[in-house]
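Heads up, structure.cif below (mmCIF, C-alpha atoms):
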```cif
data_data
#
loop_
_atom_site.label_atom_id
_atom_site.label_comp_id
_atom_site.auth_asym_id
_atom_site.auth_seq_id
_atom_site.Cartn_x
_atom_site.Cartn_y
_atom_site.Cartn_z
CA LYS A 27 190.46 -92.66 22.40
CA ASN A 28 189.55 -92.83 18.72
CA GLU A 29 192.19 -91.88 16.22
CA VAL A 30 189.73 -89.49 14.54
CA GLU A 31 187.35 -87.36 16.57
CA GLN A 32 184.63 -85.13 15.18
CA SER A 33 182.57 -82.41 16.77
CA PRO A 34 179.78 -81.77 17.11
CA GLN A 35 178.06 -85.16 16.77
CA ASN A 36 174.78 -83.47 15.88
CA LEU A 37 174.16 -80.01 14.50
CA THR A 38 170.86 -78.34 13.69
CA ALA A 39 170.79 -74.93 12.03
CA GLN A 40 168.53 -72.65 10.06
CA GLU A 41 168.78 -72.22 6.33
CA GLY A 42 171.42 -69.66 5.43
CA GLU A 43 173.59 -70.15 8.48
CA PHE A 44 177.36 -70.67 8.27
CA ILE A 45 178.22 -74.20 9.37
CA THR A 46 181.49 -75.49 10.83
CA ILE A 47 182.30 -79.13 11.56
CA ASN A 48 185.59 -79.97 13.24
CA CYS A 49 187.88 -82.99 13.01
CA SER A 50 190.94 -83.82 15.12
CA TYR A 51 193.23 -86.75 14.57
CA SER A 52 196.04 -88.31 16.53
CA VAL A 53 198.09 -90.20 13.94
CA GLY A 54 200.46 -89.19 11.20
CA ILE A 55 198.52 -88.91 7.97
CA SER A 56 199.14 -88.79 4.26
CA ALA A 57 195.74 -87.18 3.58
CA LEU A 58 192.49 -86.18 5.25
CA HIS A 59 189.14 -86.76 3.61
CA TRP A 60 185.73 -85.21 4.09
CA LEU A 61 182.81 -87.34 2.94
CA GLN A 62 179.06 -86.93 2.85
CA GLN A 63 176.59 -89.70 3.60
CA HIS A 64 172.91 -89.43 2.81
CA PRO A 65 170.20 -91.66 4.31
CA GLY A 66 170.32 -95.07 2.68
CA GLY A 67 174.07 -95.35 2.87
CA GLY A 68 175.63 -93.70 -0.17
CA ILE A 69 178.96 -92.07 0.67
CA VAL A 70 180.43 -89.39 -1.55
CA SER A 71 183.91 -87.94 -1.29
CA LEU A 72 183.85 -84.16 -0.92
CA PHE A 73 187.52 -83.30 -0.37
CA MET A 74 190.89 -84.92 -0.03
CA LEU A 75 193.56 -82.62 1.34
CA SER A 76 197.01 -82.84 2.83
CA SER A 77 197.65 -79.14 3.43
CA GLY A 78 196.05 -75.75 3.26
CA LYS A 79 192.55 -75.18 2.02
CA LYS A 80 190.19 -76.37 -0.71
CA LYS A 81 186.93 -74.88 -1.91
CA HIS A 82 184.13 -76.37 -3.96
CA GLY A 83 181.02 -74.29 -4.36
CA ARG A 84 179.70 -73.46 -0.89
CA LEU A 85 181.97 -75.98 0.82
CA ILE A 86 185.39 -75.14 2.19
CA ALA A 87 187.81 -77.55 3.86
CA THR A 88 190.91 -76.52 5.77
CA ILE A 89 193.64 -78.47 7.48
CA ASN A 90 196.32 -77.54 10.02
CA ILE A 91 198.92 -80.30 9.95
CA GLN A 92 200.83 -79.02 12.99
CA GLU A 93 197.69 -78.96 15.14
CA LYS A 94 196.28 -82.16 13.56
CA HIS A 95 192.97 -80.46 12.96
CA SER A 96 190.64 -79.92 10.03
CA SER A 97 187.42 -78.03 9.56
CA LEU A 98 184.63 -78.30 7.02
CA HIS A 99 182.63 -75.13 6.44
CA ILE A 100 179.36 -74.71 4.60
CA THR A 101 178.36 -71.21 3.61
CA ALA A 102 174.72 -70.20 3.00
CA SER A 103 173.48 -73.59 4.22
CA HIS A 104 170.46 -75.15 2.55
CA PRO A 105 168.12 -77.98 3.59
CA ARG A 106 169.64 -80.16 0.86
CA ASP A 107 172.93 -79.99 2.80
CA SER A 108 171.29 -82.14 5.50
CA ALA A 109 173.37 -85.30 5.73
CA VAL A 110 176.03 -86.99 7.82
CA TYR A 111 179.49 -85.53 7.26
CA ILE A 112 182.38 -87.83 7.98
CA CYS A 113 186.05 -87.05 8.44
CA ALA A 114 188.53 -89.79 7.58
CA VAL A 115 192.31 -90.06 7.41
CA SER A 116 194.66 -92.22 5.43
CA SER A 117 197.73 -92.94 7.51
CA GLN A 118 201.26 -92.70 6.24
CA GLY A 119 202.11 -95.93 4.49
CA ALA A 120 198.55 -97.25 4.46
CA GLN A 121 195.72 -96.98 1.95
CA LYS A 122 192.80 -97.74 4.27
CA LEU A 123 190.67 -94.93 5.65
CA VAL A 124 190.15 -94.46 9.38
CA PHE A 125 186.85 -92.71 9.97
CA GLY A 126 185.44 -90.41 12.59
CA GLN A 127 181.99 -91.15 13.93
CA GLY A 128 180.33 -88.55 11.72
CA THR A 129 178.38 -85.35 12.29
CA ARG A 130 174.68 -85.40 11.58
CA LEU A 131 173.73 -82.03 10.08
CA THR A 132 170.12 -80.89 9.79
CA ILE A 133 169.29 -77.63 8.06
CA ASN A 134 165.76 -76.40 8.67
CA PRO A 135 164.01 -74.18 6.12
CA ASP B 30 176.94 -95.27 -15.09
CA THR B 31 179.95 -97.38 -14.10
CA GLY B 32 180.10 -96.59 -10.38
CA VAL B 33 180.74 -99.13 -7.64
CA SER B 34 177.96 -101.70 -7.58
CA GLN B 35 177.07 -103.86 -4.59
CA ASN B 36 174.67 -106.77 -4.45
CA PRO B 37 172.40 -107.52 -2.79
CA ARG B 38 171.30 -104.19 -1.32
CA HIS B 39 169.61 -105.90 1.58
CA LYS B 40 170.06 -109.34 3.09
CA ILE B 41 168.05 -110.83 5.93
CA THR B 42 169.30 -114.11 7.30
CA LYS B 43 168.96 -116.33 10.31
CA ARG B 44 171.73 -116.73 12.82
CA GLY B 45 174.11 -119.48 11.81
CA GLN B 46 173.57 -119.14 8.06
CA ASN B 47 176.30 -118.18 5.60
CA VAL B 48 175.97 -115.07 3.45
CA THR B 49 177.97 -113.74 0.51
CA PHE B 50 178.09 -110.19 -0.81
CA ARG B 51 179.44 -109.04 -4.13
CA CYS B 52 181.16 -105.81 -5.09
CA ASP B 53 181.87 -104.68 -8.66
CA PRO B 54 184.34 -101.77 -8.58
CA ILE B 55 184.81 -99.04 -11.15
CA SER B 56 186.38 -100.91 -14.03
CA GLU B 57 189.77 -99.20 -14.17
CA HIS B 58 190.28 -99.20 -10.39
CA ASN B 59 192.86 -101.63 -9.09
CA ARG B 60 192.28 -101.02 -5.37
CA LEU B 61 189.23 -102.37 -3.58
CA TYR B 62 188.21 -101.95 0.06
CA TRP B 63 185.59 -103.43 2.34
CA TYR B 64 184.27 -101.50 5.32
CA ARG B 65 181.57 -102.20 7.90
CA GLN B 66 179.30 -99.56 9.38
CA THR B 67 176.98 -99.98 12.35
CA LEU B 68 174.18 -97.58 13.16
CA GLY B 69 175.35 -94.15 14.24
CA GLN B 70 179.02 -94.91 13.71
CA GLY B 71 181.56 -94.19 11.03
CA PRO B 72 182.68 -97.05 8.80
CA GLU B 73 185.41 -99.41 10.02
CA PHE B 74 188.02 -100.94 7.76
CA LEU B 75 187.78 -104.68 7.09
CA THR B 76 190.14 -105.51 4.25
CA TYR B 77 191.92 -104.13 1.18
CA PHE B 78 192.96 -105.57 -2.20
CA GLN B 79 195.37 -104.29 -4.76
CA ASN B 80 194.49 -106.18 -7.93
CA GLU B 81 193.91 -109.77 -6.74
CA ALA B 82 196.23 -109.57 -3.74
CA GLN B 83 194.69 -109.08 -0.30
CA LEU B 84 197.23 -106.73 1.26
CA GLU B 85 195.67 -105.89 4.61
CA LYS B 86 193.07 -107.39 6.93
CA SER B 87 191.64 -105.83 10.06
CA ARG B 88 191.55 -107.80 13.29
CA LEU B 89 187.79 -107.19 13.02
CA LEU B 90 187.86 -109.77 10.23
CA SER B 91 187.48 -112.93 12.30
CA ASP B 92 187.97 -116.39 10.85
CA ARG B 93 184.26 -116.42 9.96
CA PHE B 94 184.91 -113.70 7.41
CA SER B 95 186.66 -114.24 4.11
CA ALA B 96 187.11 -111.97 1.12
CA GLU B 97 188.34 -112.71 -2.36
CA ARG B 98 189.06 -110.82 -5.53
CA PRO B 99 189.91 -113.69 -7.85
CA LYS B 100 190.77 -111.90 -11.09
CA GLY B 101 191.41 -108.45 -9.73
CA SER B 102 187.96 -107.32 -10.80
CA PHE B 103 184.88 -108.03 -8.65
CA SER B 104 185.18 -109.05 -5.01
CA THR B 105 183.12 -111.21 -2.66
CA LEU B 106 182.82 -111.01 1.10
CA GLU B 107 181.53 -114.14 2.81
CA ILE B 108 180.41 -114.42 6.41
CA GLN B 109 180.05 -117.93 7.76
CA ARG B 110 177.88 -118.89 10.73
CA THR B 111 176.42 -115.41 11.01
CA GLU B 112 175.83 -113.88 14.43
CA GLN B 113 173.49 -111.07 15.43
CA GLY B 114 176.52 -108.86 15.98
CA ASP B 115 177.29 -109.12 12.26
CA SER B 116 174.23 -106.99 11.48
CA ALA B 117 175.58 -103.87 9.80
CA MET B 118 175.99 -102.07 6.51
CA TYR B 119 178.84 -103.55 4.47
CA LEU B 120 180.42 -100.98 2.21
CA CYS B 121 182.73 -101.51 -0.73
CA ALA B 122 184.94 -98.81 -2.22
CA SER B 123 187.44 -98.69 -5.05
CA SER B 124 190.23 -96.37 -6.09
CA ALA B 125 192.85 -96.02 -8.80
CA TRP B 126 196.42 -96.52 -7.62
CA ASP B 127 197.82 -94.32 -10.36
CA GLY B 128 195.10 -91.72 -10.07
CA ASP B 129 194.05 -89.44 -7.25
CA ASP B 130 193.41 -92.49 -5.01
CA ILE B 131 190.07 -91.05 -3.93
CA GLN B 132 187.84 -93.89 -2.79
CA TYR B 133 184.48 -94.21 -4.52
CA PHE B 134 181.84 -96.01 -2.49
CA GLY B 135 179.03 -98.33 -3.41
CA ALA B 136 175.58 -97.99 -1.86
CA GLY B 137 176.31 -100.85 0.53
CA THR B 138 174.69 -104.12 1.52
CA ARG B 139 172.61 -103.97 4.67
CA LEU B 140 172.75 -107.25 6.57
CA SER B 141 170.20 -108.14 9.22
CA VAL B 142 170.82 -111.31 11.23
CA LEU B 143 167.74 -112.53 13.06
#
```
Show how you would write the structure in this file as structure tokens.
Amino acid sequence: KNEVEQSPQNLTAQEGEFITINCSYSVGISALHWLQQHPGGGIVSLFMLSSGKKKHGRLIATINIQEKHSSLHITASHPRDSAVYICAVSSQGAQKLVFGQGTRLTINP
Amino acid sequence: DTGVSQNPRHKITKRGQNVTFRCDPISEHNRLYWYRQTLGQGPEFLTYFQNEAQLEKSRLLSDRFSAERPKGSFSTLEIQRTEQGDSAMYLCASSAWDGDDIQYFGAGTRLSVL
């Protein structure tokens, strides 16, 4: 079993829909990261959080430390949000990131 | 722009050849990471430097792989005697130890071993 599991693996939605991507992890963490990867490889950090909730524009990330679960929400989705969204954790005492397998999101106009 | 730079962007090589990739991190970042990503998967950790010291290596990093960061600035990742299973995207990231420690990624080097 992977240390970081994401669901769903693929998600297709219509423009304007509310999107939720889930991430569960099995190790103790110092922080959880949500990243975005566009075709061609570039990875961009969206959020780093260790508790509670963060919001940036139409993106919201939440984490429940007790349940070892995080969600990434996108409100009013747009075709430009189409990308792979990756959850990653940094374990306690380590700097490396351990990644989930990613969620491929496609938003149709 | 002084983001993370990786060269080359693409490398095609024949099985058995040696290849070397370079990563130039953001200038004030003292932490540097190498990851490998195969198609449809999330990246996997390979190795990590703090300044010039290599502090952690994954068991994925076989003896054919070596990484250096000689002056605590740029880093190189060398793969000797390449195998078809080495075909992947090799990603470099850097972060600032005394900052938010968010990792900033380069665009990657895509390796194809024929």
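One distance worth recording is that between CA of Glu85 (chain B) and CA of Cys121 (chain B), which is 14.7 Å.
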### Task
Quick one: pull the distance between CA of Leu85 (chain A) and CA of Gln35 (chain B), Å, one decimal.
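Pair CA of Leu85 (chain A) / CA of Gln35 (chain B) returns 28.8 Å.
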### Task
Restrict the distance test to only C-alpha atoms, flag each residue of chain A within 9 Å of chain B, and return the flagged residues as a PyMOL selection string.
chain A and resi 59+66-71+73-74+112-114+121-128
### Task
For the file shown, report as a ChimeraX atom specification the outcome of the PyMOL selection byres ((chain B and resi 39-43) around 8) at residue level.
/B:36-38,44-46,48,111,138-143
Please produce a file of the residues just selected, as an mmCIF file, in the coordinates of the input, where the atoms kept are C-alpha atoms.
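Written output follows (out-v8.cif):
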```cif
data_model
loop_
_atom_site.group_PDB
_atom_site.id
_atom_site.type_symbol
_atom_site.label_atom_id
_atom_site.label_comp_id
_atom_site.auth_asym_id
_atom_site.auth_seq_id
_atom_site.Cartn_x
_atom_site.Cartn_y
_atom_site.Cartn_z
ATOM 1 C CA ASN B 36 174.670 -106.770 -4.450
ATOM 2 C CA PRO B 37 172.400 -107.520 -2.790
ATOM 3 C CA ARG B 38 171.300 -104.190 -1.320
ATOM 4 C CA ARG B 44 171.730 -116.730 12.820
ATOM 5 C CA GLY B 45 174.110 -119.480 11.810
ATOM 6 C CA GLN B 46 173.570 -119.140 8.060
ATOM 7 C CA VAL B 48 175.970 -115.070 3.450
ATOM 8 C CA THR B 111 176.420 -115.410 11.010
ATOM 9 C CA THR B 138 174.690 -104.120 1.520
ATOM 10 C CA ARG B 139 172.610 -103.970 4.670
ATOM 11 C CA LEU B 140 172.750 -107.250 6.570
ATOM 12 C CA SER B 141 170.200 -108.140 9.220
ATOM 13 C CA VAL B 142 170.820 -111.310 11.230
ATOM 14 C CA LEU B 143 167.740 -112.530 13.060
#
```
### Query
Expanded to explicit residues, what is the PyMOL selection byres ((chain B and resi 104) around 6) for this file, as a list in words?
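What the PyMOL selection byres ((chain B and resi 104) around 6) grabs from the file is Arg51, Cys52, Glu97, Arg98, Phe103 and Thr105 of chain B.
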Env of Pro135 (chain A): 10 Å cut, atoms = all atoms listed in the file, seq-sep filter 4 positions within chain, self excluded. Answer as a PDB file with C-alpha atoms, keeping the file's coordinate frame.
```pdb
ATOM      1  CA  ALA A  39     170.790 -74.930  12.030  1.00  0.00           C
ATOM      2  CA  GLN A  40     168.530 -72.650  10.060  1.00  0.00           C
ATOM      3  CA  GLU A  41     168.780 -72.220   6.330  1.00  0.00           C
ATOM      4  CA  GLY A  42     171.420 -69.660   5.430  1.00  0.00           C
ATOM      5  CA  SER A 103     173.480 -73.590   4.220  1.00  0.00           C
ATOM      6  CA  HIS A 104     170.460 -75.150   2.550  1.00  0.00           C
ATOM      7  CA  PRO A 105     168.120 -77.980   3.590  1.00  0.00           C
ATOM      8  CA  ARG A 106     169.640 -80.160   0.860  1.00  0.00           C
TER       9      ARG A 106
END
```
### Message
Can you tell me which residues surround region 86-90 of chain A at a distance of at most 8 Å, considering only C-alpha atoms, apart from same-chain residues fewer than 3 positions away, and format the answer as a ChimeraX atom specification?
### Response
/A:60,73,75-83,93-100
### Residues in the PyMOL selection byres ((chain B and resi 54) around 6), expressed as a PyMOL selection string
chain B and resi 33+53+55-56+123
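Among the candidates A:Gln92, A:Gln63, A:Ser52, A:Thr129, the residue lying nearest to Ser117 (chain A) is A:Ser52 (atoms considered: only C-alpha atoms).
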### Query
How far is it from CA of Thr132 (chain A) to CA of Asp107 (chain A), in Å with one decimal?
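Separation between CA of Thr132 (chain A) and CA of Asp107 (chain A): 7.6 Å.
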